[in-house]
Amino acid sequence: AQSVAQPEDQVNVAEGNPLTVKCTYSVSGNPYLFWYVQYPNRGLQFLLKYITGDNLVKGSYGFEAEFNKSQTSFHLKKPSALVSDSALYFCAVRAYNFNKFYFGSGTKLNVKP
Amino acid sequence: DVKVTQSSRYLVKRTGEKVFLECVQDMDHENMFWYRQDPGLGLRLIYFSYDVKMKEKGDIPEGYSVSREKKERFSLILESASTNQTSMYLCASRVTPGQALYGYTFGSGTRLTVV
């Protein structure tokens with residue numbers, strides 16, 4: 001069965017500090033992994049994806065994510081957080097031969113000045 | 001840029017009403033999806049459609065139906081709204097099933113309250 005876990009409901013970080021939002025997945029076959037961000041009362045916006053290749057993927061707004069096959073993880077990172085990064089972040093996975101995406105439960109990121 | 005438009009940002013309906021949520025995309029995408037978003041549960045797939053007049057049940061289809069008469073429009077129907085269907089509803093579209101390189105493009109969401 002395909003699934004995604006985001007173990008933290010909320011992450012708090014001070015502005016200027018590095019941030020990590022965790023994601024682990026379970027999928028049959030090679031995973032396609034995505035991160036989306038949702039600002040209040042808005043739809044989800046695409047941040048970055050991992051399909052194949054380099055395990056470190058760079059995306060929008062200075063975010064990056066590291067794919068770790070042995071730990072089945074795809075953690076989202078940013079070297080220096082901004083207050084404007086405060087939002088809800090979703091990790092998603094789909095299997096190579098499976099059309100549906102599965103989303104995690106979301107992690108609320110709070111960046112304090 | 002692809003645009004996915006959901007006709008209503010906020011809706012308030014009464015229990016037992018028939019409710020239509022409309023979604024339109026402007027980039028000729030084959031695949032369209034309806035999700036509901038609830039705190040702590042993330043996004044759950046209600047229905048999706050590969051192409052016109054085609055539909056597939058997602059993970060939580062009970063109490064919902066869909067209609068896709070034209071490629072650009074995918075409607076979610078609550079046959080008889082209930083309070084447990086109060087939620088944020090998100091529509092998404094994507095190019096084709098085989099193009100796994102692409103993620104979804106989402107609409108802004110419709111927050112439905114059933115009273």
# chains A, B, ... in the order shown; residues from 1 in each chain; ligands from 1

$ interface_residues --of "chain B" --to "chain A" --cutoff "6 Å" --atoms "only C-alpha atoms" --output "PyMOL selection string"
chain B and resi 40-43+97+106-109

$ select_by_dssp --residues "chain A" --states "helix (DSSP H, G or I)" --output "PyMOL selection string"
chain A and resi 60-62+83-85

$ atom_distance --atom1 "atom CA of Gly62 of chain A" --atom2 "atom CA of Asp38 of chain B"
28.0 Å

$ residues_around --residues "Ile46 of chain B" --least-positions-apart "5" --cutoff "8 Å" --atoms "only C-alpha atoms" --output "list in words"
Phe33, Trp34, Tyr35, Arg36, Lys57, Gly58, Asp59, Ile60, Pro61 and Tyr64 of chain B

$ write_last_selection --atoms "N, CA, C and O atoms" --output "CSV table (one decimal), in the first residue's frame"
chain,number,residue,atom,x,y,z
B,33,PHE,N,-9.1,15.9,-10.5
B,33,PHE,CA,-9.2,15.2,-9.2
B,33,PHE,C,-10.0,16.1,-8.3
B,33,PHE,O,-9.9,17.3,-8.3
B,34,TRP,N,-10.7,15.4,-7.4
B,34,TRP,CA,-11.3,16.1,-6.3
B,34,TRP,C,-10.8,15.5,-5.0
B,34,TRP,O,-10.9,14.3,-4.8
B,35,TYR,N,-10.3,16.4,-4.1
B,35,TYR,CA,-9.9,16.0,-2.8
B,35,TYR,C,-10.7,16.8,-1.7
B,35,TYR,O,-11.1,17.9,-2.0
B,36,ARG,N,-10.7,16.2,-0.5
B,36,ARG,CA,-11.2,17.0,0.6
B,36,ARG,C,-10.0,17.1,1.6
B,36,ARG,O,-9.2,16.1,1.7
B,57,LYS,N,-13.6,6.0,-8.7
B,57,LYS,CA,-13.7,6.3,-7.2
B,57,LYS,C,-12.3,6.5,-6.6
B,57,LYS,O,-11.4,5.7,-6.9
B,58,GLY,N,-12.2,7.4,-5.7
B,58,GLY,CA,-11.0,7.5,-4.9
B,58,GLY,C,-11.1,6.8,-3.6
B,58,GLY,O,-11.7,5.7,-3.6
B,59,ASP,N,-10.6,7.3,-2.6
B,59,ASP,CA,-10.5,6.6,-1.3
B,59,ASP,C,-11.8,6.8,-0.5
B,59,ASP,O,-12.1,6.0,0.4
B,60,ILE,N,-12.5,7.9,-0.7
B,60,ILE,CA,-13.7,8.2,0.1
B,60,ILE,C,-14.8,8.7,-0.7
B,60,ILE,O,-15.3,9.8,-0.6
B,61,PRO,N,-15.3,7.9,-1.6
B,61,PRO,CA,-16.4,8.4,-2.6
B,61,PRO,C,-17.8,8.4,-2.0
B,61,PRO,O,-18.7,9.0,-2.6
B,64,TYR,N,-20.8,11.2,-2.4
B,64,TYR,CA,-20.4,12.1,-3.5
B,64,TYR,C,-20.6,11.4,-4.9
B,64,TYR,O,-20.6,10.2,-5.0

$ residues_around --residues "segment 76-78 of chain A" --least-positions-apart "6" --cutoff "8 Å" --atoms "only C-alpha atoms" --output "ChimeraX atom specification"
/A:18-23,35,62-66

$ write_last_selection --atoms "C-alpha atoms" --output "PDB file, in the first residue's frame"
ATOM      1  CA  PRO A  18      17.603  26.347   9.319  1.00  0.00           C
ATOM      2  CA  LEU A  19      14.361  24.413   9.060  1.00  0.00           C
ATOM      3  CA  THR A  20      13.485  20.788   8.378  1.00  0.00           C
ATOM      4  CA  VAL A  21      10.036  19.351   7.719  1.00  0.00           C
ATOM      5  CA  LYS A  22      10.035  15.569   7.816  1.00  0.00           C
ATOM      6  CA  CYS A  23       8.401  13.103   5.452  1.00  0.00           C
ATOM      7  CA  TRP A  35       6.354  18.809  -1.723  1.00  0.00           C
ATOM      8  CA  GLY A  62      15.090  28.490  -1.582  1.00  0.00           C
ATOM      9  CA  PHE A  63      13.694  25.153  -0.430  1.00  0.00           C
ATOM     10  CA  GLU A  64      15.424  21.848  -1.051  1.00  0.00           C
ATOM     11  CA  ALA A  65      14.696  18.254  -0.181  1.00  0.00           C
ATOM     12  CA  GLU A  66      16.868  15.229   0.334  1.00  0.00           C
TER      13      GLU A  66
END

$ select_by_dssp --residues "segment 6-115 of chain B" --states "strand (DSSP E)" --output "PyMOL selection string"
chain B and resi 6+10-13+19-21+23-25+31-38+42-49+56-57+64-70+73-78+87-94+105-106+110-114
